[in-house]
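Coordinates from data.txt are shown below (compact mmCIF, C-alpha atoms).
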```
# COMPACT_ATOMS: atom_id res chain seq x y z
CA MET W 41 -6.27 -26.43 25.81
CA ILE W 42 -4.46 -24.18 23.31
CA ARG W 43 -2.42 -26.11 20.72
CA TYR W 44 -0.51 -25.25 17.52
CA LEU W 45 -1.05 -27.19 14.31
CA LYS W 46 1.46 -24.89 12.59
CA LYS W 47 3.98 -22.59 14.25
CA GLY W 48 6.08 -19.74 12.87
CA ARG W 49 9.42 -18.40 13.99
CA ASP W 50 9.78 -17.56 17.67
CA VAL W 51 9.05 -14.04 18.89
CA GLU W 52 12.65 -13.42 19.90
CA SER W 53 13.98 -14.02 16.39
CA LEU W 54 11.24 -11.87 14.86
CA ALA W 55 11.91 -8.99 17.25
CA ALA W 56 15.70 -9.23 17.20
CA ALA W 57 17.30 -5.92 16.23
CA ASP W 58 19.22 -5.89 12.99
CA ALA W 59 22.54 -4.26 13.79
CA LYS W 60 23.30 -3.60 10.14
CA VAL W 61 20.03 -1.75 9.64
CA ARG W 62 20.64 0.28 12.78
CA THR W 63 24.16 1.29 11.74
CA THR W 64 23.11 2.13 8.17
CA VAL W 65 20.31 4.37 9.42
CA GLU W 66 22.59 6.10 11.93
CA ASP W 67 25.08 6.93 9.18
CA ILE W 68 22.41 8.32 6.83
CA ILE W 69 20.85 10.50 9.52
CA LYS W 70 24.26 11.84 10.55
CA ASN W 71 25.19 12.60 6.95
CA VAL W 72 21.88 14.36 6.20
CA SER W 73 22.23 16.37 9.40
CA GLU W 74 25.73 17.51 8.43
CA ARG W 75 25.42 17.90 4.64
CA GLY W 76 21.73 18.55 4.01
CA ASP W 77 20.51 18.47 0.41
CA ALA W 78 23.80 17.15 -0.95
CA ALA W 79 23.58 14.03 1.20
CA VAL W 80 19.88 13.57 0.42
CA ARG W 81 20.57 13.72 -3.30
CA GLU W 82 23.44 11.24 -3.08
CA TYR W 83 21.37 8.70 -1.14
CA SER W 84 18.39 9.13 -3.46
CA GLN W 85 20.62 8.46 -6.45
CA GLN W 86 22.21 5.46 -4.72
CA PHE W 87 19.01 3.77 -3.58
CA ASP W 88 16.37 4.96 -6.07
CA LYS W 89 18.39 6.18 -9.08
CA TRP W 90 16.56 9.49 -8.60
CA ALA W 91 18.30 12.87 -8.30
CA PRO W 92 16.21 15.69 -9.83
CA GLU W 93 17.11 19.34 -9.45
CA THR W 94 14.43 19.61 -6.76
CA PHE W 95 12.53 16.85 -4.98
CA LYS W 96 9.52 19.10 -4.48
CA LEU W 97 6.85 18.85 -7.18
CA SER W 98 5.57 22.01 -8.82
CA GLN W 99 1.88 22.67 -9.30
CA GLU W 100 2.35 21.97 -12.99
CA GLN W 101 3.82 18.52 -12.22
CA ILE W 102 0.99 17.78 -9.79
CA ASP W 103 -1.62 18.80 -12.37
CA SER W 104 0.08 16.62 -14.98
CA ALA W 105 0.03 13.58 -12.66
CA ILE W 106 -3.67 14.06 -11.93
CA ALA W 107 -4.46 14.50 -15.64
CA SER W 108 -2.77 11.18 -16.43
CA LEU W 109 -5.34 9.25 -14.39
CA THR W 110 -8.66 8.07 -15.76
CA PRO W 111 -11.93 9.53 -14.43
CA ARG W 112 -12.65 6.14 -12.83
CA GLU W 113 -9.32 6.12 -11.00
CA LEU W 114 -9.88 9.65 -9.70
CA GLU W 115 -13.42 8.80 -8.62
CA ASP W 116 -12.15 5.77 -6.71
CA ILE W 117 -9.55 7.89 -4.89
CA ARG W 118 -12.18 10.53 -4.07
CA PHE W 119 -14.60 7.87 -2.80
CA ALA W 120 -12.00 6.42 -0.43
CA GLN W 121 -11.03 9.86 0.80
CA LYS W 122 -14.66 10.78 1.41
CA GLN W 123 -15.08 7.77 3.72
CA ILE W 124 -11.83 8.42 5.59
CA ARG W 125 -12.53 12.14 5.93
CA ASN W 126 -16.05 11.51 7.21
CA PHE W 127 -14.92 9.13 9.96
CA ALA W 128 -11.97 11.35 10.92
CA GLU W 129 -14.28 14.36 11.21
CA LYS W 130 -16.63 12.40 13.45
CA GLN W 131 -13.67 11.36 15.60
CA ARG W 132 -12.44 14.96 15.83
CA ALA W 133 -15.91 16.06 16.98
CA THR W 134 -15.59 13.82 20.05
CA MET W 135 -12.49 15.72 21.20
CA LEU W 136 -13.93 18.65 23.13
CA ASP W 137 -12.12 21.48 24.83
CA LEU W 138 -12.83 21.64 28.55
CA GLU W 139 -13.12 24.44 31.09
CA ILE W 140 -14.55 23.82 34.55
CA GLU W 141 -14.60 25.57 37.92
CA THR W 142 -13.31 22.77 40.14
CA MET W 143 -13.52 24.82 43.37
CA PRO W 144 -14.90 28.30 44.03
CA GLY W 145 -12.54 30.66 42.22
CA VAL W 146 -10.40 27.92 40.60
CA VAL W 147 -10.83 27.28 36.88
CA LEU W 148 -9.06 24.42 35.08
CA GLY W 149 -9.22 23.53 31.41
CA HIS W 150 -7.63 21.93 28.44
CA LYS W 151 -7.38 22.81 24.76
CA HIS W 152 -6.84 20.44 21.85
CA ILE W 153 -4.09 22.04 19.75
CA PRO W 154 -3.00 20.55 16.39
CA VAL W 155 0.69 19.97 15.71
CA ASN W 156 1.96 22.75 13.43
CA ALA W 157 3.88 20.71 10.82
CA VAL W 158 3.75 17.02 9.93
CA GLY W 159 5.71 14.89 7.47
CA CYS W 160 3.80 11.98 5.92
CA TYR W 161 5.78 9.08 4.45
CA ILE W 162 3.94 7.06 1.80
CA PRO W 163 5.66 3.79 0.77
CA GLY W 164 5.98 3.26 -2.96
CA GLY W 165 8.78 0.84 -3.67
CA LYS W 166 7.39 -2.68 -3.98
CA TYR W 167 3.73 -1.58 -3.88
CA PRO W 168 2.55 2.01 -4.47
CA LEU W 169 0.51 2.43 -1.28
CA ILE W 170 -1.95 5.06 -2.47
CA ALA W 171 -4.13 4.51 0.59
CA SER W 172 -1.36 5.64 2.93
CA ALA W 173 -1.73 9.15 1.51
CA HIS W 174 -5.37 9.24 2.57
CA MET W 175 -4.64 7.80 5.99
CA SER W 176 -1.88 10.23 6.92
CA VAL W 177 -2.27 13.46 4.92
CA LEU W 178 -6.04 13.66 5.04
CA THR W 179 -6.26 12.73 8.73
CA ALA W 180 -3.66 15.37 9.61
CA LYS W 181 -5.59 18.05 7.71
CA VAL W 182 -8.86 17.07 9.43
CA ALA W 183 -7.02 17.42 12.75
CA GLY W 184 -6.10 20.99 11.77
CA VAL W 185 -2.39 20.63 10.97
CA LYS W 186 -1.32 23.80 9.16
CA ARG W 187 1.56 22.38 7.12
CA VAL W 188 1.58 18.82 5.82
CA VAL W 189 4.54 17.59 3.78
CA ALA W 190 3.91 14.34 1.91
CA THR W 191 6.65 12.25 0.35
CA ALA W 192 6.89 8.98 -1.57
CA PRO W 193 9.78 7.39 -3.44
CA PRO W 194 9.75 7.28 -7.22
CA PHE W 195 8.03 4.25 -8.73
CA ASN W 196 9.83 2.73 -11.72
CA GLY W 197 11.89 5.90 -12.07
CA THR W 198 9.10 8.48 -11.93
CA PRO W 199 6.58 9.99 -9.50
CA HIS W 200 3.63 7.62 -9.18
CA PRO W 201 0.68 9.64 -10.54
CA ALA W 202 -1.98 8.03 -8.33
CA ILE W 203 0.06 8.64 -5.17
CA VAL W 204 0.64 12.26 -6.22
CA ALA W 205 -3.07 12.68 -6.92
CA ALA W 206 -4.01 11.14 -3.58
CA MET W 207 -1.56 13.40 -1.71
CA HIS W 208 -2.90 16.49 -3.47
CA LEU W 209 -6.58 15.65 -3.09
CA ALA W 210 -6.00 14.84 0.59
CA GLY W 211 -4.68 18.37 1.11
CA ALA W 212 -0.88 18.10 1.18
CA ASP W 213 0.79 21.51 1.28
CA GLU W 214 4.08 20.22 -0.14
CA ILE W 215 4.67 17.06 -2.19
CA LEU W 216 8.11 15.49 -2.44
CA VAL W 217 9.28 12.59 -4.58
CA LEU W 218 11.83 11.17 -2.18
CA GLY W 219 12.04 7.85 -0.36
CA GLY W 220 13.83 5.92 2.33
CA VAL W 221 15.73 7.06 5.38
CA GLN W 222 16.91 10.14 3.50
CA ALA W 223 13.30 11.33 3.14
CA VAL W 224 12.49 10.80 6.82
CA ALA W 225 15.74 12.46 7.92
CA ALA W 226 15.25 15.44 5.58
CA MET W 227 11.75 16.13 6.92
CA ALA W 228 12.72 15.61 10.57
CA ILE W 229 16.02 17.53 10.53
CA GLY W 230 15.47 19.95 7.67
CA THR W 231 17.77 20.80 4.77
CA GLU W 232 18.43 23.89 2.67
CA SER W 233 15.33 23.16 0.58
CA ILE W 234 13.09 21.26 3.02
CA ALA W 235 11.89 22.97 6.18
CA PRO W 236 11.73 20.64 9.20
CA VAL W 237 8.47 19.27 10.58
CA ASP W 238 7.37 18.53 14.14
CA MET W 239 6.11 14.99 13.58
CA ILE W 240 6.70 12.08 11.17
CA VAL W 241 3.96 9.55 10.38
CA GLY W 242 3.38 6.71 7.97
CA PRO W 243 4.49 3.11 7.38
CA GLY W 244 7.64 1.98 5.62
CA ASN W 245 10.24 -0.76 5.40
CA MET W 246 12.63 -1.74 8.20
CA PHE W 247 14.97 1.17 7.37
CA VAL W 248 12.18 3.76 7.50
CA ALA W 249 10.89 2.26 10.76
CA GLU W 250 14.37 2.39 12.26
CA ALA W 251 14.82 6.00 11.11
CA LYS W 252 11.62 6.98 12.90
CA ARG W 253 12.81 5.19 16.02
CA GLN W 254 16.16 7.00 16.00
CA LEU W 255 14.59 10.40 15.30
CA PHE W 256 11.86 10.04 17.95
CA GLY W 257 12.38 12.78 20.50
CA ARG W 258 13.74 15.19 17.96
CA VAL W 259 10.31 14.87 16.35
CA GLY W 260 7.14 13.07 17.31
CA ILE W 261 6.07 9.91 15.50
CA ASP W 262 2.85 7.97 15.13
CA LEU W 263 4.00 4.41 15.90
CA PHE W 264 7.01 2.12 15.92
CA ALA W 265 5.77 -0.04 13.06
CA GLY W 266 6.94 -3.54 12.16
CA PRO W 267 5.73 -5.96 9.49
CA THR W 268 1.99 -6.10 8.85
CA GLU W 269 0.18 -8.69 11.01
CA THR W 270 -3.13 -10.45 10.55
CA LEU W 271 -5.09 -12.73 12.88
CA ILE W 272 -8.14 -14.63 11.69
CA ILE W 273 -10.50 -15.77 14.46
CA ALA W 274 -12.96 -18.25 13.01
CA ASP W 275 -15.33 -21.09 13.79
CA GLU W 276 -17.26 -23.47 11.56
CA SER W 277 -19.76 -20.76 10.62
CA VAL W 278 -17.30 -20.00 7.80
CA ASP W 279 -15.27 -22.19 5.48
CA ALA W 280 -11.60 -22.75 4.73
CA GLU W 281 -11.68 -20.83 1.44
CA ILE W 282 -12.53 -17.47 3.01
CA CYS W 283 -10.07 -18.06 5.88
CA ALA W 284 -7.27 -18.79 3.42
CA VAL W 285 -8.12 -15.76 1.28
CA ASP W 286 -7.97 -13.46 4.30
CA LEU W 287 -4.68 -14.96 5.51
CA LEU W 288 -2.95 -14.71 2.14
CA GLY W 289 -4.46 -11.30 1.41
CA GLN W 290 -2.22 -9.90 4.12
CA ALA W 291 0.70 -12.35 3.76
CA GLU W 292 1.46 -10.78 0.37
CA HIS W 293 2.65 -7.62 2.16
CA GLY W 294 6.06 -9.17 2.70
CA PRO W 295 8.00 -12.29 3.66
CA THR W 296 8.12 -11.31 7.35
CA THR W 297 4.35 -10.85 7.70
CA PRO W 298 2.74 -13.02 10.40
CA ALA W 299 -0.57 -14.59 9.29
CA VAL W 300 -2.36 -16.52 12.02
CA LEU W 301 -5.55 -18.58 12.17
CA LEU W 302 -7.12 -18.98 15.63
CA THR W 303 -10.07 -21.36 15.76
CA ASN W 304 -12.05 -23.72 17.97
CA SER W 305 -12.42 -26.19 15.09
CA GLU W 306 -9.60 -28.57 14.29
CA LYS W 307 -11.51 -29.54 11.15
CA LEU W 308 -11.50 -25.90 9.91
CA ALA W 309 -7.85 -25.57 10.90
CA ARG W 310 -6.72 -28.54 8.83
CA GLU W 311 -8.91 -27.60 5.88
CA THR W 312 -7.53 -24.04 5.93
CA ILE W 313 -3.93 -25.31 5.87
CA ALA W 314 -4.75 -27.37 2.78
CA GLU W 315 -6.65 -24.49 1.18
CA VAL W 316 -3.75 -22.07 1.71
CA GLU W 317 -1.45 -24.45 -0.14
CA ARG W 318 -3.96 -24.73 -2.99
CA GLN W 319 -4.38 -20.95 -3.31
CA LEU W 320 -0.62 -20.39 -3.23
CA ARG W 321 -0.39 -22.33 -6.49
CA ILE W 322 -2.52 -19.71 -8.27
CA LEU W 323 -1.98 -16.46 -6.32
CA PRO W 324 -0.05 -13.88 -8.43
CA THR W 325 1.86 -12.70 -5.34
CA ALA W 326 2.62 -16.22 -4.12
CA ASP W 327 6.38 -15.65 -4.32
CA ILE W 328 6.05 -13.31 -1.34
CA ALA W 329 3.01 -14.79 0.42
CA SER W 330 4.42 -18.33 0.39
CA ILE W 331 7.52 -17.25 2.32
CA ALA W 332 5.41 -15.33 4.83
CA TRP W 333 3.16 -18.37 5.32
CA ALA W 334 6.05 -20.86 5.55
CA GLU W 335 8.09 -18.83 8.03
CA ASN W 336 5.48 -16.83 9.94
CA GLY W 337 2.15 -18.54 9.37
CA GLU W 338 0.51 -20.13 12.40
CA VAL W 339 -2.61 -22.23 13.05
CA ILE W 340 -3.82 -22.38 16.64
CA VAL W 341 -6.70 -24.49 17.93
CA CYS W 342 -8.54 -23.73 21.17
CA ASP W 343 -11.31 -25.60 23.00
CA THR W 344 -13.30 -22.59 24.24
CA LEU W 345 -14.14 -18.99 23.35
CA GLU W 346 -12.42 -17.90 26.56
CA GLU W 347 -9.19 -19.52 25.39
CA MET W 348 -9.56 -17.82 22.02
CA VAL W 349 -9.87 -14.41 23.68
CA GLN W 350 -6.92 -15.19 25.96
CA LYS W 351 -4.71 -16.16 23.02
CA ALA W 352 -5.87 -13.28 20.83
CA ASP W 353 -5.08 -10.74 23.56
CA GLU W 354 -1.67 -12.36 24.06
CA LEU W 355 -0.93 -12.03 20.32
CA ALA W 356 -2.17 -8.40 20.31
CA SER W 357 -2.30 -8.45 16.53
CA GLU W 358 -2.49 -5.42 14.26
CA HIS W 359 -5.49 -6.71 12.26
CA VAL W 360 -8.03 -9.09 13.77
CA GLN W 361 -10.67 -10.56 11.43
CA VAL W 362 -13.48 -12.20 13.45
CA MET W 363 -15.66 -14.67 11.57
CA THR W 364 -17.68 -16.52 14.20
CA VAL W 365 -21.32 -17.10 15.11
CA ASP W 366 -21.12 -14.18 17.57
CA PRO W 367 -18.35 -11.75 16.56
CA ASP W 368 -19.60 -9.24 19.14
CA TYR W 369 -18.34 -11.59 21.85
CA PHE W 370 -14.81 -10.68 20.82
CA LEU W 371 -15.66 -6.97 20.54
CA LYS W 372 -16.91 -7.08 24.13
CA ASN W 373 -14.13 -9.21 25.59
CA MET W 374 -10.91 -8.49 23.66
CA SER W 375 -8.67 -5.63 24.77
CA ASN W 376 -5.49 -5.95 22.68
CA TYR W 377 -5.84 -5.31 18.94
CA GLY W 378 -5.06 -2.65 16.34
CA ALA W 379 -8.41 -2.92 14.57
CA LEU W 380 -11.27 -5.43 14.58
CA PHE W 381 -13.09 -6.57 11.44
CA LEU W 382 -16.33 -8.15 12.58
CA GLY W 383 -18.12 -10.77 10.50
CA PRO W 384 -17.38 -12.31 7.10
CA ARG W 385 -18.86 -9.38 5.15
CA THR W 386 -15.94 -7.14 6.07
CA ASN W 387 -12.20 -7.79 5.91
CA VAL W 388 -8.80 -6.21 6.48
CA SER W 389 -8.53 -5.04 2.87
CA PHE W 390 -11.62 -2.85 3.33
CA GLY W 391 -9.91 -1.17 6.28
CA ASP W 392 -6.61 -0.93 4.43
CA LYS W 393 -8.07 0.85 1.43
CA VAL W 394 -11.49 2.42 1.64
CA ILE W 395 -14.01 1.81 4.42
CA GLY W 396 -13.00 4.83 6.51
CA THR W 397 -10.98 3.63 9.51
CA ASN W 398 -7.24 4.30 9.53
CA HIS W 399 -4.87 1.58 8.35
CA THR W 400 -1.77 2.76 10.24
CA LEU W 401 -1.98 0.44 13.24
CA PRO W 402 0.21 -0.91 16.08
CA THR W 403 2.36 -4.01 15.44
CA ASN W 404 4.80 -6.08 17.51
CA LYS W 405 2.27 -6.31 20.36
CA ALA W 406 2.15 -2.52 20.74
CA ALA W 407 -1.66 -2.90 20.72
CA ARG W 408 -1.26 -3.70 24.42
CA TYR W 409 -0.71 0.02 25.08
CA THR W 410 -1.70 2.08 22.04
CA GLY W 411 -4.22 2.32 19.27
CA GLY W 412 -3.54 3.31 15.68
CA LEU W 413 -3.23 6.58 13.82
CA TRP W 414 -6.23 8.90 14.10
CA VAL W 415 -6.91 12.63 14.35
CA GLY W 416 -6.01 12.55 18.04
CA LYS W 417 -2.42 11.57 17.23
CA PHE W 418 -1.94 14.94 15.53
CA ILE W 419 -3.37 16.87 18.47
CA LYS W 420 -1.76 17.97 21.73
CA THR W 421 -4.08 18.17 24.74
CA CYS W 422 -2.69 21.11 26.70
CA THR W 423 -3.97 22.19 30.10
CA TYR W 424 -4.32 25.64 31.67
CA GLN W 425 -5.40 27.04 35.01
CA ARG W 426 -6.83 30.29 36.28
CA VAL W 427 -7.42 31.47 39.86
CA LEU W 428 -10.15 34.09 40.02
CA THR W 429 -10.28 35.22 43.67
CA ASP W 430 -7.91 36.21 46.48
CA GLU W 431 -9.55 33.65 48.74
CA ALA W 432 -8.97 30.78 46.31
CA SER W 433 -5.31 31.74 45.76
CA ALA W 434 -4.61 31.93 49.52
CA MET W 435 -6.45 28.68 50.26
CA VAL W 436 -4.69 26.66 47.54
CA GLY W 437 -1.44 28.38 48.58
CA GLU W 438 -1.67 27.06 52.13
CA TYR W 439 -2.04 23.48 50.96
CA CYS W 440 0.70 23.93 48.35
CA SER W 441 3.11 25.43 50.88
CA ARG W 442 2.75 22.55 53.31
CA LEU W 443 3.14 19.96 50.52
CA CYS W 444 6.30 21.71 49.26
CA HIS W 445 7.67 21.70 52.82
CA MET W 446 7.25 17.89 52.96
CA GLU W 447 9.32 17.63 49.79
CA ASN W 448 11.99 20.12 50.93
CA PHE W 449 11.27 22.41 47.96
CA ALA W 450 11.84 25.84 49.52
CA GLY W 451 11.58 27.78 46.27
CA HIS W 452 8.37 26.04 45.27
CA GLY W 453 7.03 26.72 48.74
CA GLU W 454 7.82 30.41 48.49
CA GLN W 455 5.78 30.62 45.27
CA ALA W 456 2.83 29.52 47.36
CA ASN W 457 3.73 31.58 50.46
CA ILE W 458 3.84 34.91 48.65
CA ARG W 459 0.26 34.32 47.44
CA VAL W 460 -0.86 33.51 50.98
CA ARG W 461 0.76 36.70 52.29
CA ARG W 462 -0.60 38.93 49.53
CA TYR W 463 -4.06 37.49 49.06
CA GLY W 464 -4.84 35.91 52.48
CA LYS W 465 -6.99 37.73 55.01
CA ARG W 466 -5.00 36.57 58.04
CA ASP W 467 -1.37 36.92 58.93
CA VAL W 468 0.15 33.47 59.30
CA GLU W 469 3.56 33.55 60.99
CA TRP W 470 5.11 30.59 59.22
CA TYR W 471 4.33 31.97 55.73
CA LYS W 472 7.33 34.27 55.96
CA PRO W 473 9.78 35.07 53.14
CA VAL W 474 12.61 32.65 52.41
CA GLU W 475 15.27 35.22 53.29
CA ALA W 476 13.87 35.50 56.83
CA VAL W 477 14.05 31.74 57.44
```
I need this file expressed as structure tokens, please.
Amino acid sequence: MIRYLKKGRDVESLAAADAKVRTTVEDIIKNVSERGDAAVREYSQQFDKWAPETFKLSQEQIDSAIASLTPRELEDIRFAQKQIRNFAEKQRATMLDLEIETMPGVVLGHKHIPVNAVGCYIPGGKYPLIASAHMSVLTAKVAGVKRVVATAPPFNGTPHPAIVAAMHLAGADEILVLGGVQAVAAMAIGTESIAPVDMIVGPGNMFVAEAKRQLFGRVGIDLFAGPTETLIIADESVDAEICAVDLLGQAEHGPTTPAVLLTNSEKLARETIAEVERQLRILPTADIASIAWAENGEVIVCDTLEEMVQKADELASEHVQVMTVDPDYFLKNMSNYGALFLGPRTNVSFGDKVIGTNHTLPTNKAARYTGGLWVGKFIKTCTYQRVLTDEASAMVGEYCSRLCHMENFAGHGEQANIRVRRYGKRDVEWYKPVEAV
């Protein structure tokens, strides 16, 4: 039996659209579309108190930001990027072009073609998310994207030097200091000073997420992202302290962050609830994490591993930390998750910052139908076909003609018929031109 010792807000209230956010975003996008740089500058001044002559950083400004960091800070950024680049390169190597002769004289294939221009949004308001530069910019460059524009809002009234350094070292071709809906709209639509891109990626607040949703179709996007989610799956092979640390480590993202413990031990469940309350009294980010835990924290107890898998797949959480006697059981049997973190030696923070997998992952149960950001998201798989012989063209043409006839597509059918007449070795009466019908 699956039972809740603690329950958060219902799914409907969490997923309910905020009409005010939607309207605000619509107005900003419309204004940027109509007024370009002038609108962008006004919104940047209004929301971030930031309106420089140009939002694009010069090489001198980039060099100055990098020089302001310590050697240790730069080494840490480079280490993280090395891990992320290495895994992304290995992923890219699995994506092979294909060409195969499927029938005598018929060749089919596909090519993996990178998107030409991508805009990467790096959040930097409440927390300067340096890691998001690695995850988006670097992954896009490994995929082969020719032009990558990276943008982040100012932090305390100035470009954040570590974010700028991370963008540059990851390979960004253009670096902007610009945040919010105005940044997303400027990159997607284009302005007098910012050339448009083909795709927008990266996390952000509810306004940025809504901007990506409204602009999807005009440009591609990576994911419709909501608040960060974490699910801890644990048994009595671990203790309450580590469960509480891993719950609160993600709850500090924001007050709407779901943090869930799923266990087959009521003892561990109750001890973790008490331990969370203890840690909240000393956690520096408790003002945020405590709201997330109070409103969105859940503790679920199951009797069996099968029930745990069932509930975990129903939750389809972004991050799933598995700390059980046999974590591979969940790797083998779960199907809905953004990323798995197997065993107590790893954790979501490793994946968020440094270990090498991408931290831009599906939320709001989108893990039921998509994975997270990776090199493949920046690549279009495009097919082609080639017919090498007269015989193959006439043979395929006969089948195509009859199928078109069943669908009443006369013009399509004539495309096939003319190949049968020109390349076939026999004269077939019913493959006559449309005008003679």
Put a box with edges along x, y and z around all the listed atoms of stretch 144-158 of chain W, pad it by 5 Å on each side, then give me its centre and sizes in Å, one decimal, as JSON.
```
{"center_x": -5.5, "center_y": 23.8, "center_z": 27.0, "size_x": 28.8, "size_y": 23.6, "size_z": 44.1}
```
Open item on the list: Taking all atoms listed in the file into account, name the residue in W:Met435, W:Leu380, W:Val415, W:Ala226 that is nearest to W:Phe127.
Closed with: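 Of the candidates, the smallest distance to W:Phe127 is held by W:Val415.
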Find the residues around W:Leu382 up to 7 Å (all atoms listed in the file counted), leave out those fewer than 4 positions away in its own chain, and share them as an mmCIF file with C-alpha atoms, in the frame of the given file.
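And here's result_16.cif as it stands now:
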```
data_model
loop_
_atom_site.group_PDB
_atom_site.id
_atom_site.type_symbol
_atom_site.label_atom_id
_atom_site.label_comp_id
_atom_site.auth_asym_id
_atom_site.auth_seq_id
_atom_site.Cartn_x
_atom_site.Cartn_y
_atom_site.Cartn_z
ATOM 1 C CA GLN W 361 -10.670 -10.560 11.430
ATOM 2 C CA VAL W 362 -13.480 -12.200 13.450
ATOM 3 C CA MET W 363 -15.660 -14.670 11.570
ATOM 4 C CA PRO W 367 -18.350 -11.750 16.560
ATOM 5 C CA THR W 386 -15.940 -7.140 6.070
#
```
Task: Contacts of stretch 60-72 of chain W within 10 Å, only C-alpha atoms, excl. fewer than 5 positions in-chain, as a PyMOL selection string - done: chain W and resi 77-83+220-226+228-231+246-255
Using C-alpha atoms, can you write the selected residues to a file as a PDB file, keeping the file's coordinate frame?
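again_7.pdb written:
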```pdb
ATOM      1  CA  ASP W  77      20.510  18.470   0.410  1.00  0.00           C
ATOM      2  CA  ALA W  78      23.800  17.150  -0.950  1.00  0.00           C
ATOM      3  CA  ALA W  79      23.580  14.030   1.200  1.00  0.00           C
ATOM      4  CA  VAL W  80      19.880  13.570   0.420  1.00  0.00           C
ATOM      5  CA  ARG W  81      20.570  13.720  -3.300  1.00  0.00           C
ATOM      6  CA  GLU W  82      23.440  11.240  -3.080  1.00  0.00           C
ATOM      7  CA  TYR W  83      21.370   8.700  -1.140  1.00  0.00           C
ATOM      8  CA  GLY W 220      13.830   5.920   2.330  1.00  0.00           C
ATOM      9  CA  VAL W 221      15.730   7.060   5.380  1.00  0.00           C
ATOM     10  CA  GLN W 222      16.910  10.140   3.500  1.00  0.00           C
ATOM     11  CA  ALA W 223      13.300  11.330   3.140  1.00  0.00           C
ATOM     12  CA  VAL W 224      12.490  10.800   6.820  1.00  0.00           C
ATOM     13  CA  ALA W 225      15.740  12.460   7.920  1.00  0.00           C
ATOM     14  CA  ALA W 226      15.250  15.440   5.580  1.00  0.00           C
ATOM     15  CA  ALA W 228      12.720  15.610  10.570  1.00  0.00           C
ATOM     16  CA  ILE W 229      16.020  17.530  10.530  1.00  0.00           C
ATOM     17  CA  GLY W 230      15.470  19.950   7.670  1.00  0.00           C
ATOM     18  CA  THR W 231      17.770  20.800   4.770  1.00  0.00           C
ATOM     19  CA  MET W 246      12.630  -1.740   8.200  1.00  0.00           C
ATOM     20  CA  PHE W 247      14.970   1.170   7.370  1.00  0.00           C
ATOM     21  CA  VAL W 248      12.180   3.760   7.500  1.00  0.00           C
ATOM     22  CA  ALA W 249      10.890   2.260  10.760  1.00  0.00           C
ATOM     23  CA  GLU W 250      14.370   2.390  12.260  1.00  0.00           C
ATOM     24  CA  ALA W 251      14.820   6.000  11.110  1.00  0.00           C
ATOM     25  CA  LYS W 252      11.620   6.980  12.900  1.00  0.00           C
ATOM     26  CA  ARG W 253      12.810   5.190  16.020  1.00  0.00           C
ATOM     27  CA  GLN W 254      16.160   7.000  16.000  1.00  0.00           C
ATOM     28  CA  LEU W 255      14.590  10.400  15.300  1.00  0.00           C
TER      29      LEU W 255
END
```
- [ ] Fewer than 3 positions away in the same chain doesn't count, so skip those; otherwise give me all residues within 7 Å of W:Phe418, counting all atoms listed in the file, as an MDAnalysis selection string.
- [x] chainID W and resid 154:155 180 183 415
Open item on the list: Could you check the closest approach to W:Leu308 for each of W:Ala326, W:Ala334, W:Ala280, W:Val349 and tell me which residue wins, using all atoms listed in the file?
Closed with: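 Residue with the minimum atom-to-atom distance to W:Leu308: W:Ala280.
Nearest-residue note for W:Thr344: choosing from W:Ile328, W:Ala235, W:Met227, W:Leu302, the minimum distance belongs to W:Leu302, counting all atoms listed in the file.
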TODO: Could you give me, as a list of chain:residue names, the residues within 9 Å of W:Glu354, counting all atoms listed in the file and dropping anything in the same chain fewer than 3 positions from it?
DONE: W:Val349, W:Gln350, W:Lys351, W:Ser357, W:Asn376, W:Lys405, W:Arg408
Open item on the list: Which polymer residues, whether protein, DNA or RNA, lie within 12 Å of the coordinate (-19.4, -11.4, 20.0) when you count only C-alpha atoms? List them as a ChimeraX atom specification, using the chain letters and numbers from the file.
Closed with: /W:273-274,345-346,348-349,362-374,380-383
- [ ] Kindly give the distance, in Å, that separates atom CA of W:Gln85 and atom CA of W:Ile106, rounded to a single decimal.
- [x] 25.5 Å
Open item on the list: For W:His399, find every residue with an atom within 9 Å (counting all atoms listed in the file), except residues of its own chain fewer than 4 positions away, and show them as a VMD selection string.
Closed with: chain W and resid 171 to 172 175 379 388 391 to 393 412 to 413
TODO: Pick out the closest residue to W:Thr296 from this set: W:Gly396, W:Pro201, W:Gly48, W:Gly219. Count all atoms listed in the file.
DONE: W:Gly48
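One finds atom CA of W:Ala352 at 11.2 Å from atom CA of W:Ala407.
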Please return stretch 320-324 of chain W, rebuilt to N, CA and C atoms, as an mmCIF file, in the frame of the given file.
```cif
data_model
loop_
_atom_site.group_PDB
_atom_site.id
_atom_site.type_symbol
_atom_site.label_atom_id
_atom_site.label_comp_id
_atom_site.auth_asym_id
_atom_site.auth_seq_id
_atom_site.Cartn_x
_atom_site.Cartn_y
_atom_site.Cartn_z
ATOM 1 N N LEU W 320 -1.978 -20.858 -2.924
ATOM 2 C CA LEU W 320 -0.620 -20.390 -3.230
ATOM 3 C C LEU W 320 -0.157 -20.843 -4.612
ATOM 4 N N ARG W 321 -0.771 -21.875 -5.156
ATOM 5 C CA ARG W 321 -0.390 -22.330 -6.490
ATOM 6 C C ARG W 321 -0.935 -21.424 -7.599
ATOM 7 N N ILE W 322 -1.901 -20.568 -7.256
ATOM 8 C CA ILE W 322 -2.520 -19.710 -8.270
ATOM 9 C C ILE W 322 -2.454 -18.215 -7.937
ATOM 10 N N LEU W 323 -2.029 -17.866 -6.731
ATOM 11 C CA LEU W 323 -1.980 -16.460 -6.320
ATOM 12 C C LEU W 323 -0.841 -15.727 -7.030
ATOM 13 N N PRO W 324 -1.121 -14.598 -7.709
ATOM 14 C CA PRO W 324 -0.050 -13.880 -8.430
ATOM 15 C C PRO W 324 1.090 -13.410 -7.537
#
```
